[in-house]
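S.K.: Input query.pdb, format and content: PDB, C-alpha atoms.
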ATOM      1  CA  MET A   1       0.000   0.000   0.000
ATOM      2  CA  THR A   2       1.356   3.415  -0.971
ATOM      3  CA  LYS A   3       1.530   5.882   1.884
ATOM      4  CA  ARG A   4      -1.085   8.645   1.597
ATOM      5  CA  ILE A   5      -0.380  12.175   2.776
ATOM      6  CA  ILE A   6      -3.331  14.514   3.228
ATOM      7  CA  THR A   7      -3.031  18.136   4.303
ATOM      8  CA  LEU A   8      -6.088  19.914   5.659
ATOM      9  CA  ALA A   9      -5.946  23.556   4.678
ATOM     10  CA  SER A  10      -7.990  26.722   4.468
ATOM     11  CA  THR A  11      -7.107  30.400   4.422
ATOM     12  CA  LYS A  12      -9.649  30.879   7.228
ATOM     13  CA  GLY A  13      -9.606  29.502  10.750
ATOM     14  CA  GLY A  14     -12.403  27.727  12.582
ATOM     15  CA  VAL A  15     -13.736  25.772   9.612
ATOM     16  CA  GLY A  16     -13.207  22.287  11.049
ATOM     17  CA  LYS A  17      -9.740  21.225   9.893
ATOM     18  CA  THR A  18      -8.594  20.007  13.300
ATOM     19  CA  THR A  19     -11.816  18.143  14.078
ATOM     20  CA  LEU A  20     -11.707  16.375  10.723
ATOM     21  CA  ALA A  21      -8.016  15.508  11.009
ATOM     22  CA  ALA A  22      -8.460  14.031  14.483
ATOM     23  CA  ASN A  23     -11.549  11.982  13.667
ATOM     24  CA  LEU A  24     -10.425  10.787  10.241
ATOM     25  CA  GLY A  25      -7.075   9.738  11.670
ATOM     26  CA  GLY A  26      -8.520   8.184  14.790
ATOM     27  CA  TRP A  27     -11.178   6.221  12.905
ATOM     28  CA  LEU A  28      -8.640   4.961  10.362
ATOM     29  CA  ALA A  29      -6.414   3.803  13.220
ATOM     30  CA  THR A  30      -9.070   2.175  15.399
ATOM     31  CA  GLY A  31     -11.725   1.167  12.889
ATOM     32  CA  TYR A  32      -9.418  -0.005  10.105
ATOM     33  CA  GLN A  33      -6.168  -0.706  11.984
ATOM     34  CA  GLN A  34      -4.199   1.547   9.671
ATOM     35  CA  ARG A  35      -0.990   3.112  10.936
ATOM     36  CA  VAL A  36      -1.662   6.836  11.096
ATOM     37  CA  LEU A  37       0.552   9.824  11.849
ATOM     38  CA  LEU A  38      -0.968  13.191  12.727
ATOM     39  CA  ILE A  39       1.206  16.277  12.237
ATOM     40  CA  ASP A  40       0.090  19.486  13.933
ATOM     41  CA  ALA A  41       1.466  22.368  11.869
ATOM     42  CA  ASP A  42      -0.702  25.006  13.554
ATOM     43  CA  PRO A  43       0.873  27.293  16.204
ATOM     44  CA  GLN A  44      -2.415  26.980  18.089
ATOM     45  CA  PRO A  45      -1.934  23.314  19.036
ATOM     46  CA  SER A  46      -5.524  22.092  19.036
ATOM     47  CA  LEU A  47      -4.713  18.801  17.315
ATOM     48  CA  SER A  48      -1.787  18.244  19.690
ATOM     49  CA  SER A  49      -4.120  18.205  22.680
ATOM     50  CA  TYR A  50      -7.099  16.481  21.044
ATOM     51  CA  PHE A  51      -6.213  12.987  22.280
ATOM     52  CA  PRO A  52      -4.457  11.996  25.513
ATOM     53  CA  LEU A  53      -0.862  10.827  25.034
ATOM     54  CA  ASN A  54       0.613   7.557  26.256
ATOM     55  CA  PHE A  55       4.087   8.780  25.345
ATOM     56  CA  GLN A  56       5.241  12.343  24.739
ATOM     57  CA  ALA A  57       8.380  12.723  22.645
ATOM     58  CA  PRO A  58      10.977  15.300  23.758
ATOM     59  CA  GLY A  59      10.530  17.271  20.544
ATOM     60  CA  GLY A  60       7.824  18.205  18.098
ATOM     61  CA  LEU A  61       7.291  20.125  14.875
ATOM     62  CA  VAL A  62      10.112  22.625  15.448
ATOM     63  CA  GLU A  63      12.691  19.889  15.952
ATOM     64  CA  LEU A  64      11.373  17.940  12.970
ATOM     65  CA  PHE A  65      12.048  20.892  10.676
ATOM     66  CA  GLN A  66      15.216  22.243  12.240
ATOM     67  CA  GLN A  67      16.946  18.914  12.904
ATOM     68  CA  ASN A  68      15.689  17.515   9.600
ATOM     69  CA  ALA A  69      15.184  14.106  11.218
ATOM     70  CA  TRP A  70      12.474  11.966  12.795
ATOM     71  CA  ALA A  71      14.416  11.136  15.951
ATOM     72  CA  ASN A  72      12.624  12.094  19.182
ATOM     73  CA  VAL A  73       9.664  13.899  17.592
ATOM     74  CA  VAL A  74       6.914  11.239  17.365
ATOM     75  CA  SER A  75       4.530  10.940  20.316
ATOM     76  CA  HIS A  76       2.015   8.136  20.868
ATOM     77  CA  THR A  77      -1.652   8.889  21.511
ATOM     78  CA  ALA A  78      -3.865   6.749  23.716
ATOM     79  CA  LEU A  79      -5.389   5.277  20.543
ATOM     80  CA  ALA A  80      -3.658   2.239  19.077
ATOM     81  CA  ASN A  81      -1.915   2.873  15.745
ATOM     82  CA  LEU A  82      -2.254   6.673  16.080
ATOM     83  CA  HIS A  83       0.905   8.741  16.523
ATOM     84  CA  LEU A  84       1.470  12.489  16.630
ATOM     85  CA  VAL A  85       4.061  15.156  15.900
ATOM     86  CA  TYR A  86       2.836  17.898  18.201
ATOM     87  CA  SER A  87       3.053  21.635  17.634
ATOM     88  CA  ASN A  88       5.532  23.387  19.924
ATOM     89  CA  ASP A  89       5.761  26.753  18.186
ATOM     90  CA  PRO A  90       3.434  29.034  20.207
ATOM     91  CA  ASN A  91       5.015  32.232  18.890
ATOM     92  CA  GLY A  92       4.780  31.173  15.250
ATOM     93  CA  SER A  93       8.510  31.647  14.711
ATOM     94  CA  LEU A  94       8.792  28.486  12.605
ATOM     95  CA  GLN A  95       6.930  30.292   9.834
ATOM     96  CA  GLN A  96       9.865  32.675   9.333
ATOM     97  CA  TRP A  97      12.411  29.878   9.733
ATOM     98  CA  VAL A  98      10.790  27.876   6.936
ATOM     99  CA  LYS A  99      10.667  30.982   4.760
ATOM    100  CA  ASP A 100      14.361  31.760   5.304
ATOM    101  CA  ALA A 101      15.733  28.213   4.983
ATOM    102  CA  ALA A 102      16.924  27.363   1.479
ATOM    103  CA  ASP A 103      14.969  24.104   1.448
ATOM    104  CA  GLY A 104      12.356  25.149   3.995
ATOM    105  CA  ARG A 105       9.277  24.673   1.850
ATOM    106  CA  PHE A 106      10.473  21.256   0.677
ATOM    107  CA  ARG A 107      11.809  19.883   3.954
ATOM    108  CA  LEU A 108       8.597  18.225   5.128
ATOM    109  CA  ARG A 109       8.082  16.704   1.693
ATOM    110  CA  LEU A 110      11.550  15.143   1.797
ATOM    111  CA  LEU A 111      11.169  13.997   5.392
ATOM    112  CA  LEU A 112       7.859  12.285   4.675
ATOM    113  CA  GLY A 113       9.433  10.617   1.667
ATOM    114  CA  GLN A 114      11.768   8.821   4.088
ATOM    115  CA  LEU A 115       8.937   7.623   6.314
ATOM    116  CA  THR A 116       7.919   3.970   5.951
ATOM    117  CA  ASP A 117       6.111   3.265   9.227
ATOM    118  CA  TYR A 118       2.686   4.680   8.341
ATOM    119  CA  ASP A 119      -0.165   4.079   5.930
ATOM    120  CA  VAL A 120      -1.645   7.570   6.208
ATOM    121  CA  VAL A 121      -0.277  10.946   7.300
ATOM    122  CA  LEU A 122      -2.706  13.769   8.113
ATOM    123  CA  ILE A 123      -1.345  17.308   8.448
ATOM    124  CA  ASP A 124      -3.342  20.045  10.178
ATOM    125  CA  THR A 125      -2.479  23.648   9.282
ATOM    126  CA  GLN A 126      -3.179  27.171  10.452
ATOM    127  CA  GLY A 127      -5.995  29.114   8.793
ATOM    128  CA  ALA A 128      -3.611  31.485   7.063
ATOM    129  CA  VAL A 129      -1.164  31.759   4.175
ATOM    130  CA  GLY A 130       2.576  31.417   4.664
ATOM    131  CA  ALA A 131       5.715  29.367   4.117
ATOM    132  CA  LEU A 132       4.760  26.699   6.674
ATOM    133  CA  GLN A 133       1.381  26.188   5.031
ATOM    134  CA  GLU A 134       3.101  25.929   1.657
ATOM    135  CA  ALA A 135       5.478  23.313   3.073
ATOM    136  CA  ALA A 136       2.501  21.276   4.289
ATOM    137  CA  ILE A 137       0.808  21.593   0.903
ATOM    138  CA  LEU A 138       3.908  20.554  -1.035
ATOM    139  CA  ALA A 139       4.293  17.508   1.215
ATOM    140  CA  ALA A 140       0.829  16.162   0.390
ATOM    141  CA  ASP A 141      -0.741  14.149  -2.395
ATOM    142  CA  THR A 142      -4.194  15.492  -1.445
ATOM    143  CA  LEU A 143      -5.231  18.883  -0.099
ATOM    144  CA  LEU A 144      -8.558  18.737   1.744
ATOM    145  CA  SER A 145     -10.452  21.944   2.497
ATOM    146  CA  PRO A 146     -13.570  21.906   4.715
ATOM    147  CA  LEU A 147     -16.251  24.256   3.362
ATOM    148  CA  PRO A 148     -19.173  25.661   5.359
ATOM    149  CA  PRO A 149     -22.342  25.641   3.237
ATOM    150  CA  GLU A 150     -22.666  29.391   2.716
ATOM    151  CA  ALA A 151     -22.297  30.601  -0.849
ATOM    152  CA  LEU A 152     -20.012  33.542  -0.123
ATOM    153  CA  SER A 153     -17.860  31.583   2.315
ATOM    154  CA  VAL A 154     -17.383  28.662  -0.056
ATOM    155  CA  ARG A 155     -16.336  30.930  -2.894
ATOM    156  CA  GLU A 156     -14.012  32.877  -0.613
ATOM    157  CA  PHE A 157     -12.410  29.748   0.836
ATOM    158  CA  ALA A 158     -12.107  28.065  -2.538
ATOM    159  CA  ARG A 159     -10.488  31.101  -4.105
ATOM    160  CA  GLY A 160      -8.119  31.488  -1.161
ATOM    161  CA  VAL A 161      -6.824  27.925  -1.217
ATOM    162  CA  ALA A 162      -6.872  27.786  -5.011
ATOM    163  CA  GLY A 163      -4.882  31.016  -5.018
ATOM    164  CA  VAL A 164      -2.174  29.406  -2.916
ATOM    165  CA  MET A 165      -2.093  26.501  -5.347
ATOM    166  CA  ARG A 166      -1.754  28.892  -8.282
ATOM    167  CA  GLY A 167       1.189  30.520  -6.551
ATOM    168  CA  LEU A 168       2.926  27.142  -6.416
ATOM    169  CA  GLN A 169       2.062  26.157  -9.969
ATOM    170  CA  GLY A 170       5.439  27.251 -11.333
ATOM    171  CA  LEU A 171       7.106  24.443  -9.382
ATOM    172  CA  THR A 172       5.592  21.881 -11.717
ATOM    173  CA  ALA A 173       8.072  23.023 -14.377
ATOM    174  CA  LEU A 174      10.771  21.700 -12.048
ATOM    175  CA  GLY A 175       9.100  18.299 -11.851
ATOM    176  CA  ILE A 176       7.485  18.948  -8.472
ATOM    177  CA  SER A 177       3.944  17.608  -8.311
ATOM    178  CA  LEU A 178       1.169  19.495  -6.546
ATOM    179  CA  PRO A 179      -1.586  17.808  -4.539
ATOM    180  CA  VAL A 180      -5.123  17.303  -5.751
ATOM    181  CA  LEU A 181      -7.334  19.980  -4.165
ATOM    182  CA  GLN A 182     -10.616  18.621  -2.825
ATOM    183  CA  GLY A 183     -13.356  20.387  -0.903
ATOM    184  CA  VAL A 184     -15.871  18.847   1.480
ATOM    185  CA  PHE A 185     -19.016  20.532   2.750
ATOM    186  CA  TYR A 186     -18.736  20.703   6.531
ATOM    187  CA  ARG A 187     -21.292  21.511   9.268
ATOM    188  CA  VAL A 188     -24.194  21.038   6.876
ATOM    189  CA  ASP A 189     -27.647  21.390   8.438
ATOM    190  CA  ARG A 190     -30.863  19.939   7.039
ATOM    191  CA  THR A 191     -32.436  23.189   5.896
ATOM    192  CA  ARG A 192     -33.596  23.805   2.357
ATOM    193  CA  ASP A 193     -31.265  26.786   2.204
ATOM    194  CA  ALA A 194     -28.224  24.599   2.852
ATOM    195  CA  VAL A 195     -29.277  22.134   0.156
ATOM    196  CA  ALA A 196     -29.909  24.957  -2.301
ATOM    197  CA  VAL A 197     -26.548  26.565  -1.590
ATOM    198  CA  MET A 198     -24.728  23.266  -2.094
ATOM    199  CA  GLU A 199     -26.446  22.803  -5.444
ATOM    200  CA  VAL A 200     -25.379  26.297  -6.506
ATOM    201  CA  ILE A 201     -21.801  25.686  -5.416
ATOM    202  CA  ARG A 202     -21.632  22.305  -7.141
ATOM    203  CA  SER A 203     -22.823  23.950 -10.350
ATOM    204  CA  ALA A 204     -20.184  26.640  -9.918
ATOM    205  CA  ALA A 205     -17.520  23.976  -9.432
ATOM    206  CA  GLN A 206     -18.609  22.150 -12.584
ATOM    207  CA  ALA A 207     -18.369  25.452 -14.458
ATOM    208  CA  GLY A 208     -14.809  25.921 -13.234
ATOM    209  CA  GLU A 209     -15.641  28.892 -11.003
ATOM    210  CA  LEU A 210     -13.838  27.334  -8.018
ATOM    211  CA  GLY A 211     -10.588  26.918  -9.909
ATOM    212  CA  VAL A 212      -8.853  23.589  -9.458
ATOM    213  CA  MET A 213     -10.970  22.542  -6.479
ATOM    214  CA  HIS A 214     -13.037  19.358  -6.827
ATOM    215  CA  LEU A 215     -16.011  18.908  -4.499
ATOM    216  CA  LEU A 216     -16.477  15.537  -2.830
ATOM    217  CA  GLU A 217     -19.930  13.978  -2.850
ATOM    218  CA  ALA A 218     -19.530  13.132   0.836
ATOM    219  CA  VAL A 219     -20.692  15.808   3.284
ATOM    220  CA  VAL A 220     -20.217  16.263   7.026
ATOM    221  CA  PRO A 221     -23.489  17.194   8.776
ATOM    222  CA  ALA A 222     -23.757  19.726  11.561
ATOM    223  CA  GLY A 223     -24.117  18.393  15.086
ATOM    224  CA  VAL A 224     -23.074  19.104  18.652
ATOM    225  CA  VAL A 225     -21.569  15.619  18.866
ATOM    226  CA  TRP A 226     -18.418  16.878  17.117
ATOM    227  CA  ARG A 227     -17.854  19.531  19.796
ATOM    228  CA  GLU A 228     -18.737  17.095  22.559
ATOM    229  CA  ALA A 229     -16.160  14.608  21.297
ATOM    230  CA  ALA A 230     -13.491  17.310  21.196
ATOM    231  CA  SER A 231     -14.264  18.423  24.749
ATOM    232  CA  GLN A 232     -14.117  14.805  25.948
ATOM    233  CA  ARG A 233     -10.926  14.170  23.923
ATOM    234  CA  CYS A 234     -12.388  11.159  22.177
ATOM    235  CA  LEU A 235     -13.530  10.074  18.743
ATOM    236  CA  VAL A 236     -16.949  11.168  17.597
ATOM    237  CA  THR A 237     -17.675   7.491  16.908
ATOM    238  CA  ASP A 238     -17.298   6.781  20.630
ATOM    239  CA  LEU A 239     -20.290   9.010  21.383
ATOM    240  CA  ARG A 240     -22.591   8.245  18.466
ATOM    241  CA  GLY A 241     -21.370   5.221  16.585
ATOM    242  CA  GLY A 242     -23.689   4.389  13.713
ATOM    243  CA  ALA A 243     -24.361   7.776  12.141
ATOM    244  CA  THR A 244     -20.879   9.199  12.611
ATOM    245  CA  LYS A 245     -19.207   6.027  11.373
ATOM    246  CA  GLU A 246     -21.229   6.317   8.171
ATOM    247  CA  VAL A 247     -20.148   9.943   7.745
ATOM    248  CA  LEU A 248     -16.477   9.177   8.293
ATOM    249  CA  ASP A 249     -16.617   6.075   6.101
ATOM    250  CA  SER A 250     -18.162   8.026   3.237
ATOM    251  CA  LEU A 251     -15.416  10.623   3.474
ATOM    252  CA  LEU A 252     -12.625   8.045   3.761
ATOM    253  CA  LEU A 253     -14.057   6.228   0.762
ATOM    254  CA  ALA A 254     -14.262   9.444  -1.271
ATOM    255  CA  LEU A 255     -10.629  10.163  -0.419
ATOM    256  CA  GLY A 256      -9.575   6.657  -1.414
ATOM    257  CA  LEU A 257      -8.337   5.799   2.066
ATOM    258  CA  ILE A 258     -10.450   2.658   2.426
ATOM    259  CA  PRO A 259     -11.551   0.128  -0.211
ATOM    260  CA  GLY A 260     -15.058   0.303  -1.605
ATOM    261  CA  GLY A 261     -16.264  -2.777   0.223
ATOM    262  CA  ALA A 262     -15.064  -1.535   3.596
ATOM    263  CA  ALA A 263     -17.471   1.333   4.067
TER     264      ALA A 263
END
What do you get writing this file as structure tokens?

M.R.:
Amino acid sequence: MTKRIITLASTKGGVGKTTLAANLGGWLATGYQQRVLLIDADPQPSLSSYFPLNFQAPGGLVELFQQNAWANVVSHTALANLHLVYSNDPNGSLQQWVKDAADGRFRLRLLLGQLTDYDVVLIDTQGAVGALQEAAILAADTLLSPLPPEALSVREFARGVAGVMRGLQGLTALGISLPVLQGVFYRVDRTRDAVAVMEVIRSAAQAGELGVMHLLEAVVPAGVVWREAASQRCLVTDLRGGATKEVLDSLLLALGLIPGGAA
């Protein structure tokens, strides 16, 4: 099985990247026994504290970049098969370090190329634009952007992330591949307005108005259970198994992370 690397990104904060990263990774690890590594590349370390740790490594994201090695940076969560590189950059200084380093934007890509212990790597990023976000994008084969179902927000988010991708497009001339950009509707309620907005946005995507972004058929419904799981530091499937398992399975299937018969 080829290792998959998925970066969750948006130019806005608070859209659900961390919640998705934690639950997708945790469900892959516990429900499908895949070996999963979470990387928290956000100075606000929400993913780092999402799950309890059984083992905390001496170092984290800063050491991974600056030492250019995996030694002493991988922590173990309380969930079997789920490991973590935690964020330890509260001042956001790593952003400038990555920008100034000659190979800064490519370092994570090269480091992950050396990694053989995992089936899936999920990278959480800050809701902003910068060198560290670009490094996380260049390291991935898939870029996943959660989209709230409001017409203006979706267009804004899509253009923001697609704009970052356009800025990196010149690297393809050097033989550097860019990830596939995929959007997923997130926090979708059952109102007619939400359904209507999604139809409008899907039509816009088909017309090429969202740039290179492809919209997944899978959607993530709104629900307090996602917040409750985060506050209890557990998987959403632990609180409401059937419905949330179906949601996560549909998303994992759409991303190609589980076989068709598994969902």

S.K.: Using all atoms listed in the file, which residue out of A:Gln182, A:Asp119, A:Gly60, A:Ala140 lies closest to Gln34 in chain A?

M.R.: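 Closest to Gln34 in chain A, using all atoms listed in the file: A:Asp119.
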
S.K.: Per residue of range 1-33 of chain A within 6 Å of range 126-136 of chain A, note the shortest atom pair and the distance in Å to one decimal, counting all atoms listed in the file, and order the rows by chain and increasing residue number, as CSV.

M.R.:
residue,atom,partner,partner_atom,distance
A:Ser10,CA,A:Gly127,CA,5.3
A:Thr11,CA,A:Ala128,CA,4.5
A:Lys12,CA,A:Gly127,CA,4.3
A:Gly13,CA,A:Gly127,CA,4.1

S.K.: Mind dumping a table of every range 64-164 of chain A residue within 12 Å of range 173-176 of chain A, with the nearest atom pair and its distance in Å to one decimal, using all atoms listed in the file, sorted by chain and rising number, as CSV?

M.R.:
residue,atom,partner,partner_atom,distance
A:Arg105,CA,A:Ile176,CA,11.9
A:Phe106,CA,A:Ile176,CA,9.9
A:Arg109,CA,A:Ile176,CA,10.4
A:Leu110,CA,A:Ile176,CA,11.7
A:Ile137,CA,A:Ile176,CA,11.8
A:Leu138,CA,A:Ile176,CA,8.4
A:Ala139,CA,A:Ile176,CA,10.3
A:Ala140,CA,A:Ile176,CA,11.4
A:Asp141,CA,A:Ile176,CA,11.3

S.K.: Which is closest to Asp103 in chain A among A:Pro90, A:Phe65, A:His83, A:Asn72, if we use all atoms listed in the file?

M.R.: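 Ranking A:Pro90, A:Phe65, A:His83, A:Asn72 by distance to Asp103 in chain A, first place goes to A:Phe65.
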
S.K.: Name every residue that the PyMOL selection byres ((chain A and resi 229) around 12) selects in this structure, writing the answer as a list in words with chains first and numbers rising.

M.R.: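 Evaluating the PyMOL selection byres ((chain A and resi 229) around 12) on these coordinates yields Thr19, Leu20, Ala22, Asn23, Gly26, Tyr50, Phe51, Gly223, Val224, Val225, Trp226, Arg227, Glu228, Ala230, Ser231, Gln232, Arg233, Cys234, Leu235, Val236, Thr237, Asp238, Leu239, Arg240, Gly241 and Thr244 of chain A.
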
S.K.: Quick one, how far is CA of Met213 in chain A from CA of Thr7 in chain A?

M.R.: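 Computed distance, CA of Met213 in chain A to CA of Thr7 in chain A, equals 14.1 Å.
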
S.K.: Using all atoms listed in the file for the distances, tell me which of A:Thr191, A:Glu150, A:Ala196, A:Ser145 is nearest to His214 in chain A.

M.R.: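 Answer, going by the shortest atom-to-atom distance: A:Ser145.
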
S.K.: Could you check how far CA of Asp89 in chain A sits from CA of Pro43 in chain A, in Å to one decimal?

M.R.: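 One can read the CA of Asp89 in chain A to CA of Pro43 in chain A distance as 5.3 Å.
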
S.K.: When distances are computed from all atoms listed in the file, which of A:Ser203, A:Asn81, A:Ser250, A:Gln95 shows the smallest separation from Ala218 in chain A?

M.R.: A:Ser250

S.K.: What is the CA of Leu171 in chain A-CA of Thr2 in chain A distance in Å, reported with one decimal?

M.R.: 23.4 Å

S.K.: Would you kindly return, as an mmCIF file with C-alpha atoms, keeping the file's coordinate frame, each protein, DNA or RNA residue with an atom no farther than 7 Å from any atom of Val121 in chain A, considering all atoms listed in the file and excluding same-chain residues fewer than 5 positions away?

M.R.:
data_model
loop_
_atom_site.group_PDB
_atom_site.id
_atom_site.type_symbol
_atom_site.label_atom_id
_atom_site.label_comp_id
_atom_site.auth_asym_id
_atom_site.auth_seq_id
_atom_site.Cartn_x
_atom_site.Cartn_y
_atom_site.Cartn_z
ATOM 1 C CA ARG A 4 -1.085 8.645 1.597
ATOM 2 C CA ILE A 5 -0.380 12.175 2.776
ATOM 3 C CA ILE A 6 -3.331 14.514 3.228
ATOM 4 C CA VAL A 36 -1.662 6.836 11.096
ATOM 5 C CA LEU A 37 0.552 9.824 11.849
ATOM 6 C CA LEU A 38 -0.968 13.191 12.727
#

S.K.: Please write as a ChimeraX atom specification the full residue list that the PyMOL selection byres ((chain A and resi 69) around 12) yields on this file.

M.R.: /A:59-68,70-74,107-108,110-115

S.K.: So what does the PyMOL selection byres ((chain A and resi 75) around 7) actually pick up in this one, as number ranges by chain?

M.R.: A: 55-57, 73-74, 76-77, 83-85

S.K.: Using all atoms listed in the file, can you tell me which of A:Leu8, A:Ala205, A:Val220, A:Leu143 comes closest to Thr125 in chain A?

M.R.: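 Counting all atoms listed in the file, the residue closest to Thr125 in chain A is A:Leu8.
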
S.K.: Using all atoms listed in the file, list the residues that have an atom at most 6 Å from (-20.9, 21.9, 2.1), coordinates as in the file, as a PyMOL selection string.

M.R.: chain A and resi 147-149+184-186+188+198

S.K.: For Asp189 in chain A, which of A:Arg35, A:Ala222, A:Gly256, A:Ser177 is the closest residue, counting only C-alpha atoms?

M.R.: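 Among A:Arg35, A:Ala222, A:Gly256, A:Ser177, it is A:Ala222 that comes nearest to Asp189 in chain A.
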
S.K.: If I wrap all listed atoms of range 203-215 of chain A in a box with edges along x, y and z and add 6 Å on each side, what are its centre and edge lengths in Å to one decimal, as lines of an AutoDock Vina configuration file?

M.R.:
center_x = -15.8
center_y = 23.9
center_z = -9.5
size_x = 26.0
size_y = 22.0
size_z = 22.0
